[in-house]
file input_10.cif (mmCIF, C-alpha atoms)
data_protein
loop_
_atom_site.label_atom_id
_atom_site.label_comp_id
_atom_site.auth_asym_id
_atom_site.auth_seq_id
_atom_site.Cartn_x
_atom_site.Cartn_y
_atom_site.Cartn_z
CA MET R 1 -57.26 159.98 -64.76
CA ASN R 2 -58.29 163.47 -65.85
CA ASP R 3 -56.95 165.94 -63.31
CA LEU R 4 -58.77 168.95 -64.75
CA SER R 5 -62.38 170.01 -64.41
CA LYS R 6 -64.65 169.77 -67.43
CA ARG R 7 -65.33 173.49 -67.35
CA SER R 8 -61.61 174.26 -67.56
CA VAL R 9 -61.46 172.81 -71.07
CA ILE R 10 -61.74 176.05 -73.00
CA ALA R 11 -60.97 176.86 -76.61
CA PRO R 12 -57.85 178.93 -77.26
CA ILE R 13 -58.00 182.37 -78.81
CA GLN R 14 -56.23 181.84 -82.10
CA ALA R 15 -55.14 185.48 -82.34
CA ILE R 16 -53.15 185.03 -79.13
CA ASP R 17 -51.73 181.71 -80.30
CA LEU R 18 -50.65 183.34 -83.58
CA MET R 19 -49.09 186.21 -81.62
CA THR R 20 -47.15 183.68 -79.51
CA ALA R 21 -45.95 181.89 -82.64
CA ALA R 22 -44.93 185.24 -84.14
CA PHE R 23 -42.94 186.15 -81.03
CA ASP R 24 -41.22 182.75 -81.22
CA LEU R 25 -40.19 183.46 -84.82
CA GLN R 26 -38.85 186.85 -83.76
CA ARG R 27 -36.76 185.31 -80.99
CA LYS R 28 -35.26 183.04 -83.65
CA GLY R 29 -34.25 186.05 -85.71
CA SER R 30 -37.11 186.31 -88.22
CA SER R 31 -38.62 189.63 -89.28
CA VAL R 32 -42.28 189.61 -88.23
CA ILE R 33 -45.13 191.99 -89.06
CA HIS R 34 -47.82 191.81 -86.37
CA MET R 35 -51.31 192.12 -87.88
CA ALA R 36 -52.99 189.47 -85.74
CA VAL R 37 -53.61 191.05 -82.35
CA GLY R 38 -55.69 194.15 -81.63
CA GLN R 39 -52.95 195.94 -79.76
CA PRO R 40 -51.92 199.55 -80.44
CA ALA R 41 -48.32 199.87 -81.56
CA ALA R 42 -48.22 203.38 -80.09
CA PRO R 43 -46.93 203.72 -76.53
CA THR R 44 -49.18 204.55 -73.60
CA PRO R 45 -49.65 208.35 -73.59
CA ARG R 46 -47.01 210.41 -71.83
CA VAL R 47 -49.36 211.93 -69.22
CA VAL R 48 -50.51 208.43 -68.27
CA ARG R 49 -46.95 207.18 -67.76
CA GLU R 50 -46.09 210.28 -65.75
CA ALA R 51 -49.08 209.75 -63.45
CA ALA R 52 -48.00 206.15 -62.87
CA GLU R 53 -44.41 207.23 -62.19
CA ARG R 54 -45.61 209.70 -59.56
CA ALA R 55 -47.71 207.01 -57.91
CA VAL R 56 -44.77 204.60 -57.80
CA ARG R 57 -42.45 207.27 -56.38
CA ASP R 58 -45.02 208.09 -53.71
CA GLY R 59 -44.97 204.42 -52.74
CA LYS R 60 -48.45 204.34 -51.21
CA ILE R 61 -49.77 201.57 -53.40
CA GLY R 62 -52.27 199.48 -51.53
CA TYR R 63 -55.76 198.12 -51.79
CA THR R 64 -58.41 200.43 -53.22
CA GLU R 65 -62.17 200.25 -52.98
CA ALA R 66 -63.47 197.15 -54.75
CA LEU R 67 -65.55 199.27 -57.12
CA GLY R 68 -62.59 201.49 -57.96
CA ILE R 69 -61.00 204.70 -56.72
CA PRO R 70 -63.86 207.22 -56.31
CA SER R 71 -62.10 209.94 -58.30
CA LEU R 72 -61.68 207.56 -61.24
CA ARG R 73 -65.33 206.54 -61.12
CA GLU R 74 -66.28 210.22 -61.11
CA ARG R 75 -64.00 210.92 -64.09
CA ILE R 76 -65.50 208.03 -66.05
CA ALA R 77 -68.99 209.40 -65.32
CA CYS R 78 -67.81 212.78 -66.65
CA TYR R 79 -66.68 211.08 -69.85
CA TYR R 80 -70.31 210.21 -70.65
CA ALA R 81 -71.34 213.83 -70.13
CA GLU R 82 -68.55 215.04 -72.40
CA ALA R 83 -68.90 212.42 -75.14
CA HIS R 84 -72.64 211.75 -75.11
CA GLY R 85 -74.34 214.48 -73.04
CA LEU R 86 -75.49 211.95 -70.45
CA GLU R 87 -75.66 212.37 -66.69
CA ILE R 88 -74.33 209.11 -65.28
CA ALA R 89 -74.06 208.81 -61.50
CA PRO R 90 -70.55 207.74 -60.41
CA ASP R 91 -72.26 205.13 -58.22
CA ARG R 92 -73.19 203.28 -61.43
CA VAL R 93 -69.55 202.94 -62.50
CA VAL R 94 -67.58 199.79 -61.66
CA VAL R 95 -63.83 199.72 -62.38
CA THR R 96 -62.65 196.32 -63.63
CA THR R 97 -59.54 194.39 -64.64
CA GLY R 98 -59.83 195.27 -68.31
CA SER R 99 -63.01 194.53 -70.21
CA SER R 100 -62.33 190.82 -69.58
CA GLY R 101 -62.90 191.32 -65.86
CA ALA R 102 -66.11 193.15 -66.67
CA PHE R 103 -67.41 190.28 -68.80
CA ASN R 104 -66.81 187.85 -65.95
CA LEU R 105 -68.52 190.08 -63.40
CA ALA R 106 -71.48 190.79 -65.68
CA PHE R 107 -72.07 187.13 -66.56
CA LEU R 108 -71.78 186.07 -62.92
CA ALA R 109 -74.10 188.80 -61.66
CA LEU R 110 -76.80 188.55 -64.30
CA PHE R 111 -77.13 184.88 -65.23
CA ASP R 112 -77.56 181.51 -63.55
CA VAL R 113 -76.00 178.23 -64.65
CA GLY R 114 -77.92 176.93 -67.64
CA ASP R 115 -79.16 180.32 -68.83
CA ASN R 116 -78.77 181.07 -72.53
CA VAL R 117 -77.01 184.20 -73.73
CA ALA R 118 -76.97 185.23 -77.39
CA LEU R 119 -74.02 186.70 -79.25
CA PRO R 120 -73.31 187.54 -82.89
CA ALA R 121 -71.25 185.52 -85.32
CA PRO R 122 -68.73 186.73 -86.21
CA GLY R 123 -67.91 187.98 -82.74
CA TYR R 124 -65.23 188.12 -80.07
CA PRO R 125 -64.42 184.51 -79.07
CA ALA R 126 -63.93 185.20 -75.36
CA TYR R 127 -67.64 185.97 -74.98
CA ARG R 128 -68.50 182.44 -76.06
CA ASN R 129 -65.67 180.79 -74.15
CA ILE R 130 -66.29 182.61 -70.85
CA LEU R 131 -70.02 181.87 -71.04
CA LYS R 132 -69.36 178.16 -71.52
CA THR R 133 -66.82 178.04 -68.70
CA LEU R 134 -69.40 179.59 -66.36
CA GLY R 135 -71.96 176.94 -67.29
CA LEU R 136 -74.03 179.21 -69.54
CA GLY R 137 -75.35 178.51 -73.01
CA ALA R 138 -73.70 180.55 -75.77
CA ILE R 139 -76.24 180.95 -78.56
CA GLU R 140 -74.58 182.29 -81.69
CA ILE R 141 -76.75 184.25 -84.10
CA SER R 142 -75.22 184.24 -87.57
CA THR R 143 -75.23 187.66 -89.19
CA THR R 144 -75.24 188.25 -92.93
CA GLU R 145 -74.51 190.90 -95.51
CA ASP R 146 -78.26 191.47 -95.85
CA THR R 147 -78.39 192.90 -92.33
CA ARG R 148 -75.01 194.62 -92.64
CA TRP R 149 -73.51 191.90 -90.42
CA THR R 150 -75.48 192.98 -87.34
CA ILE R 151 -78.27 191.36 -85.32
CA THR R 152 -81.78 192.71 -85.91
CA PRO R 153 -84.77 192.63 -83.53
CA ASP R 154 -86.41 189.97 -85.72
CA MET R 155 -83.33 187.76 -85.55
CA LEU R 156 -83.24 188.20 -81.78
CA ALA R 157 -86.92 187.36 -81.40
CA GLU R 158 -86.49 184.21 -83.49
CA ALA R 159 -83.52 183.04 -81.41
CA HIS R 160 -85.42 183.84 -78.21
CA ALA R 161 -88.38 181.73 -79.31
CA ARG R 162 -86.05 178.76 -79.79
CA HIS R 163 -83.69 179.19 -76.84
CA ASP R 164 -85.45 181.28 -74.14
CA LEU R 165 -82.66 183.83 -74.04
CA LYS R 166 -81.77 185.57 -70.78
CA GLY R 167 -79.12 187.83 -72.26
CA LEU R 168 -77.54 189.31 -75.37
CA ILE R 169 -74.02 190.64 -75.74
CA LEU R 170 -73.18 192.93 -78.65
CA ALA R 171 -70.21 195.09 -79.61
CA SER R 172 -70.21 198.29 -81.65
CA PRO R 173 -67.73 198.62 -83.27
CA ASN R 174 -67.61 194.85 -83.49
CA ASN R 175 -64.58 192.61 -83.28
CA PRO R 176 -63.45 191.14 -85.75
CA ASN R 177 -64.87 193.36 -88.48
CA GLY R 178 -65.09 196.88 -87.08
CA THR R 179 -68.74 197.00 -88.18
CA MET R 180 -71.00 199.30 -86.18
CA ILE R 181 -74.68 199.28 -85.33
CA ALA R 182 -76.40 202.46 -86.52
CA PRO R 183 -77.98 204.46 -83.66
CA LYS R 184 -81.56 203.83 -84.86
CA ASP R 185 -80.84 200.10 -85.11
CA LEU R 186 -79.23 200.07 -81.68
CA ALA R 187 -82.31 201.79 -80.25
CA ALA R 188 -84.47 199.09 -81.85
CA ILE R 189 -82.32 196.33 -80.31
CA VAL R 190 -82.55 197.98 -76.87
CA GLU R 191 -86.34 198.15 -77.21
CA ALA R 192 -86.53 194.52 -78.38
CA CYS R 193 -84.50 193.36 -75.38
CA LYS R 194 -86.84 195.27 -73.05
CA ARG R 195 -89.92 193.78 -74.72
CA LEU R 196 -88.55 190.21 -74.64
CA GLY R 197 -87.10 190.39 -71.12
CA ILE R 198 -83.52 189.95 -72.34
CA ARG R 199 -80.66 191.63 -70.50
CA LEU R 200 -78.42 193.55 -72.94
CA ILE R 201 -74.69 193.78 -72.33
CA MET R 202 -73.06 196.26 -74.69
CA ASP R 203 -69.32 196.12 -75.40
CA GLU R 204 -68.16 199.62 -76.35
CA ILE R 205 -64.42 199.17 -75.94
CA TYR R 206 -63.67 200.51 -79.43
CA HIS R 207 -65.56 203.74 -78.90
CA GLY R 208 -63.26 206.59 -79.85
CA LEU R 209 -61.93 204.59 -82.80
CA VAL R 210 -64.64 205.35 -85.34
CA TYR R 211 -64.16 206.76 -88.83
CA GLY R 212 -67.06 208.93 -89.88
CA PHE R 213 -69.84 206.66 -88.61
CA PRO R 214 -72.36 208.03 -86.06
CA THR R 215 -71.44 206.80 -82.58
CA GLU R 216 -73.92 206.42 -79.77
CA THR R 217 -73.71 204.60 -76.46
CA ALA R 218 -76.48 202.19 -75.60
CA LEU R 219 -76.91 204.19 -72.39
CA SER R 220 -78.57 206.89 -74.50
CA PHE R 221 -81.52 204.56 -75.03
CA SER R 222 -81.88 202.90 -71.61
CA ASP R 223 -80.55 202.95 -68.06
CA GLU R 224 -81.13 199.21 -67.91
CA VAL R 225 -78.35 198.15 -70.27
CA VAL R 226 -74.95 197.11 -68.96
CA VAL R 227 -72.19 198.91 -70.86
CA ILE R 228 -68.58 197.72 -70.83
CA ASN R 229 -65.62 199.84 -71.87
CA SER R 230 -61.86 199.71 -71.49
CA PHE R 231 -58.68 201.78 -71.48
CA SER R 232 -56.99 199.18 -73.69
CA LYS R 233 -57.83 200.23 -77.23
CA TYR R 234 -58.36 203.97 -77.76
CA TYR R 235 -56.20 204.83 -74.75
CA CYS R 236 -53.31 202.51 -75.77
CA MET R 237 -53.26 200.74 -72.37
CA THR R 238 -53.66 197.04 -73.19
CA GLY R 239 -51.08 195.83 -70.67
CA TRP R 240 -52.38 197.96 -67.82
CA ARG R 241 -55.49 195.74 -67.62
CA ILE R 242 -58.05 198.31 -66.65
CA GLY R 243 -61.62 198.83 -67.82
CA TRP R 244 -65.04 199.74 -66.51
CA MET R 245 -68.75 198.98 -66.52
CA VAL R 246 -71.81 201.19 -66.23
CA VAL R 247 -74.70 199.33 -64.64
CA PRO R 248 -78.14 200.02 -63.15
CA GLU R 249 -77.44 201.35 -59.67
CA ARG R 250 -79.29 198.50 -57.96
CA PHE R 251 -76.64 196.07 -59.28
CA THR R 252 -73.69 197.91 -57.79
CA ARG R 253 -73.62 196.23 -54.38
CA THR R 254 -73.74 192.75 -55.93
CA LEU R 255 -70.83 193.63 -58.23
CA GLU R 256 -68.95 195.10 -55.29
CA CYS R 257 -69.27 191.85 -53.34
CA LEU R 258 -68.21 189.79 -56.36
CA SER R 259 -65.19 192.05 -56.89
CA GLN R 260 -64.22 191.86 -53.22
CA ASN R 261 -64.12 188.09 -53.35
CA LEU R 262 -62.67 187.54 -56.81
CA SER R 263 -59.93 190.15 -56.92
CA LEU R 264 -60.19 192.45 -53.87
CA CYS R 265 -59.59 195.41 -56.17
CA VAL R 266 -58.15 196.50 -59.51
CA ASN R 267 -54.43 197.34 -59.68
CA ALA R 268 -54.03 200.70 -57.92
CA VAL R 269 -51.33 202.13 -60.20
CA ALA R 270 -53.39 201.24 -63.28
CA GLN R 271 -56.38 203.08 -61.80
CA ILE R 272 -54.32 206.22 -61.18
CA ALA R 273 -52.93 205.97 -64.70
CA GLY R 274 -56.40 205.44 -66.15
CA GLN R 275 -57.68 208.66 -64.64
CA ALA R 276 -54.88 210.57 -66.38
CA ALA R 277 -55.76 208.97 -69.73
CA PHE R 278 -58.71 211.32 -70.13
CA ASP R 279 -56.19 214.19 -70.37
CA ALA R 280 -54.32 212.61 -73.30
CA THR R 281 -56.83 213.37 -76.05
CA GLU R 282 -54.47 215.35 -78.28
CA GLU R 283 -51.86 212.58 -78.32
CA LEU R 284 -54.49 209.87 -78.74
CA GLU R 285 -56.16 211.61 -81.67
CA GLN R 286 -52.79 211.64 -83.43
CA VAL R 287 -52.57 207.88 -82.89
CA LYS R 288 -56.10 207.49 -84.25
CA ALA R 289 -55.11 209.47 -87.35
CA GLY R 290 -52.41 206.86 -87.93
CA TYR R 291 -55.01 204.08 -87.76
CA ALA R 292 -57.18 205.96 -90.25
CA ALA R 293 -54.24 206.23 -92.66
CA ASN R 294 -53.55 202.49 -92.28
CA ARG R 295 -57.21 201.75 -92.92
CA ASP R 296 -57.19 203.85 -96.07
CA LEU R 297 -54.06 202.06 -97.29
CA LEU R 298 -55.60 198.63 -96.74
CA LEU R 299 -58.90 199.58 -98.37
CA GLU R 300 -56.97 200.85 -101.37
CA ARG R 301 -54.61 197.90 -101.80
CA LEU R 302 -56.50 194.80 -100.64
CA PRO R 303 -58.82 194.66 -103.67
CA SER R 304 -55.80 194.49 -105.97
CA LEU R 305 -54.63 191.46 -103.97
CA GLY R 306 -57.95 189.72 -104.50
CA LEU R 307 -59.01 190.51 -100.93
CA GLY R 308 -61.63 193.12 -101.66
CA LYS R 309 -64.64 191.32 -100.21
CA LEU R 310 -64.69 192.99 -96.78
CA HIS R 311 -67.17 193.58 -94.00
CA PRO R 312 -68.02 197.26 -93.38
CA ALA R 313 -65.03 198.72 -91.52
CA ASP R 314 -66.64 201.56 -89.57
CA GLY R 315 -64.40 201.54 -86.53
CA ALA R 316 -61.87 199.73 -84.32
CA PHE R 317 -58.65 198.79 -86.18
CA TYR R 318 -59.61 195.64 -88.04
CA LEU R 319 -60.56 194.53 -91.54
CA TYR R 320 -62.35 191.21 -91.97
CA ALA R 321 -61.62 189.74 -95.38
CA ASP R 322 -63.15 186.83 -97.28
CA VAL R 323 -60.38 184.50 -98.53
CA ALA R 324 -62.65 181.72 -99.81
CA HIS R 325 -61.25 182.07 -103.32
CA VAL R 326 -57.81 180.91 -102.10
CA THR R 327 -58.59 178.66 -99.13
CA SER R 328 -61.34 176.90 -97.20
CA ASP R 329 -59.13 176.73 -94.09
CA SER R 330 -58.25 180.15 -92.71
CA MET R 331 -56.28 178.54 -89.87
CA GLN R 332 -53.94 176.78 -92.26
CA PHE R 333 -53.79 179.95 -94.38
CA ALA R 334 -52.74 182.08 -91.39
CA ARG R 335 -50.13 179.61 -90.17
CA LYS R 336 -48.57 179.22 -93.62
CA LEU R 337 -48.61 182.97 -94.22
CA LEU R 338 -46.74 183.49 -90.94
CA GLN R 339 -44.23 180.75 -91.66
CA ASP R 340 -43.58 181.81 -95.25
CA THR R 341 -43.66 185.61 -94.93
CA GLY R 342 -43.50 186.55 -91.25
CA VAL R 343 -46.90 188.27 -91.46
CA ALA R 344 -49.24 187.35 -88.61
CA VAL R 345 -53.00 187.59 -89.24
CA THR R 346 -55.91 185.99 -87.38
CA PRO R 347 -57.95 183.10 -88.82
CA GLY R 348 -61.66 183.75 -88.89
CA ILE R 349 -62.39 180.48 -87.09
CA ASP R 350 -61.71 182.44 -83.91
CA PHE R 351 -64.84 184.48 -84.51
CA ASP R 352 -67.27 182.29 -86.42
CA SER R 353 -67.40 178.48 -86.48
CA VAL R 354 -69.50 178.43 -89.68
CA LEU R 355 -68.12 181.11 -92.00
CA GLY R 356 -64.87 181.71 -90.13
CA PRO R 357 -62.82 179.19 -92.15
CA ARG R 358 -63.24 181.45 -95.18
CA HIS R 359 -62.19 184.70 -93.46
CA ILE R 360 -59.14 186.34 -91.93
CA ARG R 361 -58.86 189.39 -89.70
CA LEU R 362 -56.13 191.95 -90.31
CA SER R 363 -55.28 194.38 -87.53
CA TYR R 364 -54.03 197.79 -88.66
CA ALA R 365 -53.07 198.99 -85.17
CA GLY R 366 -49.38 198.94 -86.10
CA SER R 367 -47.22 201.57 -87.78
CA GLN R 368 -47.93 202.62 -91.35
CA ARG R 369 -44.53 201.26 -92.36
CA ASP R 370 -45.37 197.84 -90.94
CA VAL R 371 -48.81 197.76 -92.56
CA SER R 372 -47.32 198.70 -95.92
CA GLU R 373 -44.57 196.09 -95.56
CA GLY R 374 -47.12 193.48 -94.52
CA LEU R 375 -49.17 194.16 -97.64
CA ASP R 376 -46.06 193.88 -99.82
CA ARG R 377 -45.24 190.48 -98.31
CA ILE R 378 -48.82 189.21 -98.68
CA GLU R 379 -48.93 190.39 -102.29
CA GLY R 380 -45.70 188.56 -103.13
CA TRP R 381 -46.93 185.40 -101.37
CA LEU R 382 -50.31 185.34 -103.12
CA LYS R 383 -48.83 185.74 -106.62
#
call {"tool": "encode", "arguments": {"input": "input_10.cif", "output": "structure tokens"}}
result
Amino acid sequence: MNDLSKRSVIAPIQAIDLMTAAFDLQRKGSSVIHMAVGQPAAPTPRVVREAAERAVRDGKIGYTEALGIPSLRERIACYYAEAHGLEIAPDRVVVTTGSSGAFNLAFLALFDVGDNVALPAPGYPAYRNILKTLGLGAIEISTTEDTRWTITPDMLAEAHARHDLKGLILASPNNPNGTMIAPKDLAAIVEACKRLGIRLIMDEIYHGLVYGFPTETALSFSDEVVVINSFSKYYCMTGWRIGWMVVPERFTRTLECLSQNLSLCVNAVAQIAGQAAFDATEELEQVKAGYAANRDLLLERLPSLGLGKLHPADGAFYLYADVAHVTSDSMQFARKLLQDTGVAVTPGIDFDSVLGPRHIRLSYAGSQRDVSEGLDRIEGWLK
């Protein structure tokens, strides 16, 4: 007898499984270099921790509004004025339990069981897995070097003709490769979605972590897009589990009711801390400079290791490398690399069922010392 529902059978995220295996090796005394998970090695900024400490000392930690503390929603709206020159009404902002909570709310609010939603390959595996768990069709659109590993309006139209798409989810910078969509191309995608009647959900959680590439929010091109962001990556707050969405105002009440029933509210201390994160720019830019140095180091050394065939690394803190010349099974490659050297990387199968077996993702969110040591170990192992 199967005691579990069919929809509960969900694929694992291999990056998390590799992280768990790496932690197990550490507990057994091994020296491990973590380059698998997209988690900043830097601590949460000081002003954020101090705000949380004050909240805990005050002791008045209870339920908040389901959409988020009003002052936090206002501060997030101000962020769009500061970063992009946009006037976003605080009423359009929904505070969520990380970006993951936002994906769940967006998919539930916008799509019915059986609807098809497109996503890029390679792309973040949780998009696909959450969609399937909710009874939605996950239609992967394979990207190529010819289109700079991004989806074009023509590719979207072709997929729509075959699958009657109701939605599209994109990320810029993208996970696993850090590749961005140029502003003019993003504007074209927004227009194509409008023309085809496809709801666009834009994942912008790596905004702030961009290295010389023009950065634009999808909200600059339409008020109809749903934009998701998070305090996890740029703000070094992965474990606080706090993010946000910007939505058309007419959706807000529906999302409020969903939030009331699914979680009541987001963690109150995390919300207070998140508001303070916008005052940590100086510290966070120093952390970003460390990522940029790690990126430069990897771009310099990987070609000499035979790992020079990379996707464009415009932002985030990932490099996506083709390893087809040494393996056709990136899962086995990653497991053996971890076992033999203590270096944890992510197999590309997480992100792309077709070309993933020939790719690995390397996270450079750690310290420069760890990244350098990780490269030394990989070099010795590949020789």
call {"tool": "resolve_selection", "arguments": {"input": "input_10.cif", "expression": "the PyMOL selection byres ((chain R and resi 237) around 10)", "output": "list in words"}}
result
Gln39, Pro40, Ala42, Pro43, Thr44, Pro45, Val48, Gly98, Ser230, Phe231, Ser232, Lys233, Tyr234, Tyr235, Cys236, Thr238, Gly239, Trp240, Arg241, Ile242, Gly243, Ala270, Ala273, Gly274 and Ala277 of chain R
call {"tool": "residues_around", "arguments": {"input": "input_10.cif", "residues": "stretch 284-296 of chain R", "least_positions_apart": "6", "cutoff": "12 Å", "atoms": "only C-alpha atoms", "output": "ChimeraX atom specification"}}
result
/R:35,38-48,178,206-212,231,233-237,277-278,302,312-320,362-375
call {"tool": "residues_around", "arguments": {"input": "input_10.cif", "residues": "R:Ile349", "least_positions_apart": "2", "cutoff": "12 Å", "atoms": "all atoms listed in the file", "output": "PyMOL selection string"}}
result
chain R and resi 11-15+121-125+176+320+328-334+345-347+351-361
call {"tool": "residues_around", "arguments": {"input": "input_10.cif", "residues": "stretch 139-154 of chain R", "least_positions_apart": "4", "cutoff": "6 Å", "atoms": "only C-alpha atoms", "output": "list in words"}}
result
Val117, Ala118, Leu119, Pro120, Ala121, Ile189 and Ala192 of chain R
call {"tool": "residues_around", "arguments": {"input": "input_10.cif", "residues": "R:Cys78", "least_positions_apart": "4", "cutoff": "10 Å", "atoms": "all atoms listed in the file", "output": "VMD selection string"}}
result
chain R and resid 72 to 74 82 to 90 278
call {"tool": "resolve_selection", "arguments": {"input": "input_10.cif", "expression": "the PyMOL selection byres ((chain R and resi 69) around 12)", "output": "count of residues only"}}
result
32
call {"tool": "closest_residue", "arguments": {"input": "input_10.cif", "among": "R:Gln339, R:Thr20, R:Thr254, R:Ser304", "to": "R:Leu110", "atoms": "only C-alpha atoms"}}
result
R:Thr254
call {"tool": "atom_distance", "arguments": {"input": "input_10.cif", "atom1": "atom CA of R:Arg195", "atom2": "atom CA of R:Glu158"}}
result
13.4 Å
call {"tool": "closest_residue", "arguments": {"input": "input_10.cif", "among": "R:Asp350, R:Lys6, R:Asp376, R:Ala157", "to": "R:Tyr127", "atoms": "only C-alpha atoms"}}
result
R:Asp350
call {"tool": "resolve_selection", "arguments": {"input": "input_10.cif", "expression": "the PyMOL selection byres ((chain R and resi 214-217) around 12)", "output": "VMD selection string"}}
result
chain R and resid 79 to 81 83 to 86 170 to 173 179 to 187 190 201 to 213 218 to 223 225 to 229 246 314 to 315
call {"tool": "axis_aligned_box", "arguments": {"input": "input_10.cif", "around": "stretch 134-153 of chain R", "padding_each_side": "5 Å", "output": "AutoDock Vina command-line options"}}
result
--center_x -77.1 --center_y 185.8 --center_z -81.1 --size_x 25.4 --size_y 27.7 --size_z 39.5
call {"tool": "atom_distance", "arguments": {"input": "input_10.cif", "atom1": "atom CA of R:Ile378", "atom2": "atom CA of R:Leu337"}}
result
7.7 Å
call {"tool": "atom_distance", "arguments": {"input": "input_10.cif", "atom1": "atom CA of R:Gly137", "atom2": "atom CA of R:Asp17"}}
result
24.9 Å
call {"tool": "closest_residue", "arguments": {"input": "input_10.cif", "among": "R:Leu4, R:His325, R:Arg27, R:Ala106", "to": "R:Pro248", "atoms": "all atoms listed in the file"}}
result
R:Ala106
call {"tool": "decode", "arguments": {"input": "input_10.cif", "residues": "stretch 145-164 of chain R", "atoms": "N, CA and C atoms", "output": "mmCIF file, in the first residue's frame"}}
result
data_model
loop_
_atom_site.group_PDB
_atom_site.id
_atom_site.type_symbol
_atom_site.label_atom_id
_atom_site.label_comp_id
_atom_site.auth_asym_id
_atom_site.auth_seq_id
_atom_site.Cartn_x
_atom_site.Cartn_y
_atom_site.Cartn_z
ATOM 1 N N GLU R 145 23.324 28.364 -27.110
ATOM 2 C CA GLU R 145 24.347 29.407 -27.225
ATOM 3 C C GLU R 145 23.946 30.446 -28.257
ATOM 4 N N ASP R 146 23.204 30.028 -29.289
ATOM 5 C CA ASP R 146 22.803 30.941 -30.354
ATOM 6 C C ASP R 146 21.938 32.090 -29.847
ATOM 7 N N THR R 147 21.172 31.838 -28.797
ATOM 8 C CA THR R 147 20.323 32.879 -28.215
ATOM 9 C C THR R 147 20.867 33.357 -26.875
ATOM 10 N N ARG R 148 22.164 33.126 -26.684
ATOM 11 C CA ARG R 148 22.845 33.510 -25.440
ATOM 12 C C ARG R 148 22.177 32.883 -24.216
ATOM 13 N N TRP R 149 21.674 31.652 -24.407
ATOM 14 C CA TRP R 149 21.085 30.858 -23.332
ATOM 15 C C TRP R 149 19.882 31.547 -22.683
ATOM 16 N N THR R 150 19.129 32.286 -23.474
ATOM 17 C CA THR R 150 17.891 32.899 -22.980
ATOM 18 C C THR R 150 16.752 32.565 -23.947
ATOM 19 N N ILE R 151 15.532 32.697 -23.466
ATOM 20 C CA ILE R 151 14.342 32.458 -24.281
ATOM 21 C C ILE R 151 14.035 33.709 -25.106
ATOM 22 N N THR R 152 13.713 33.524 -26.371
ATOM 23 C CA THR R 152 13.342 34.629 -27.249
ATOM 24 C C THR R 152 11.831 34.625 -27.477
ATOM 25 N N PRO R 153 11.267 35.744 -27.954
ATOM 26 C CA PRO R 153 9.839 35.752 -28.281
ATOM 27 C C PRO R 153 9.442 34.670 -29.278
ATOM 28 N N ASP R 154 10.292 34.392 -30.267
ATOM 29 C CA ASP R 154 9.967 33.354 -31.247
ATOM 30 C C ASP R 154 9.903 31.975 -30.593
ATOM 31 N N MET R 155 10.840 31.695 -29.706
ATOM 32 C CA MET R 155 10.833 30.420 -28.989
ATOM 33 C C MET R 155 9.577 30.296 -28.127
ATOM 34 N N LEU R 156 9.187 31.403 -27.500
ATOM 35 C CA LEU R 156 7.979 31.395 -26.667
ATOM 36 C C LEU R 156 6.736 31.158 -27.519
ATOM 37 N N ALA R 157 6.660 31.842 -28.648
ATOM 38 C CA ALA R 157 5.494 31.684 -29.525
ATOM 39 C C ALA R 157 5.382 30.249 -30.032
ATOM 40 N N GLU R 158 6.521 29.644 -30.369
ATOM 41 C CA GLU R 158 6.503 28.261 -30.844
ATOM 42 C C GLU R 158 6.020 27.313 -29.753
ATOM 43 N N ALA R 159 6.504 27.494 -28.534
ATOM 44 C CA ALA R 159 6.073 26.643 -27.421
ATOM 45 C C ALA R 159 4.591 26.867 -27.117
ATOM 46 N N HIS R 160 4.137 28.112 -27.240
ATOM 47 C CA HIS R 160 2.732 28.424 -26.978
ATOM 48 C C HIS R 160 1.823 27.745 -28.004
ATOM 49 N N ALA R 161 2.254 27.720 -29.242
ATOM 50 C CA ALA R 161 1.452 27.079 -30.295
ATOM 51 C C ALA R 161 1.286 25.590 -30.019
ATOM 52 N N ARG R 162 2.273 24.981 -29.394
ATOM 53 C CA ARG R 162 2.217 23.536 -29.124
ATOM 54 C C ARG R 162 1.559 23.197 -27.796
ATOM 55 N N HIS R 163 1.635 24.101 -26.822
ATOM 56 C CA HIS R 163 1.222 23.737 -25.456
ATOM 57 C C HIS R 163 0.180 24.667 -24.835
ATOM 58 N N ASP R 164 -0.281 25.692 -25.555
ATOM 59 C CA ASP R 164 -1.269 26.626 -25.013
ATOM 60 C C ASP R 164 -0.827 27.110 -23.631
#
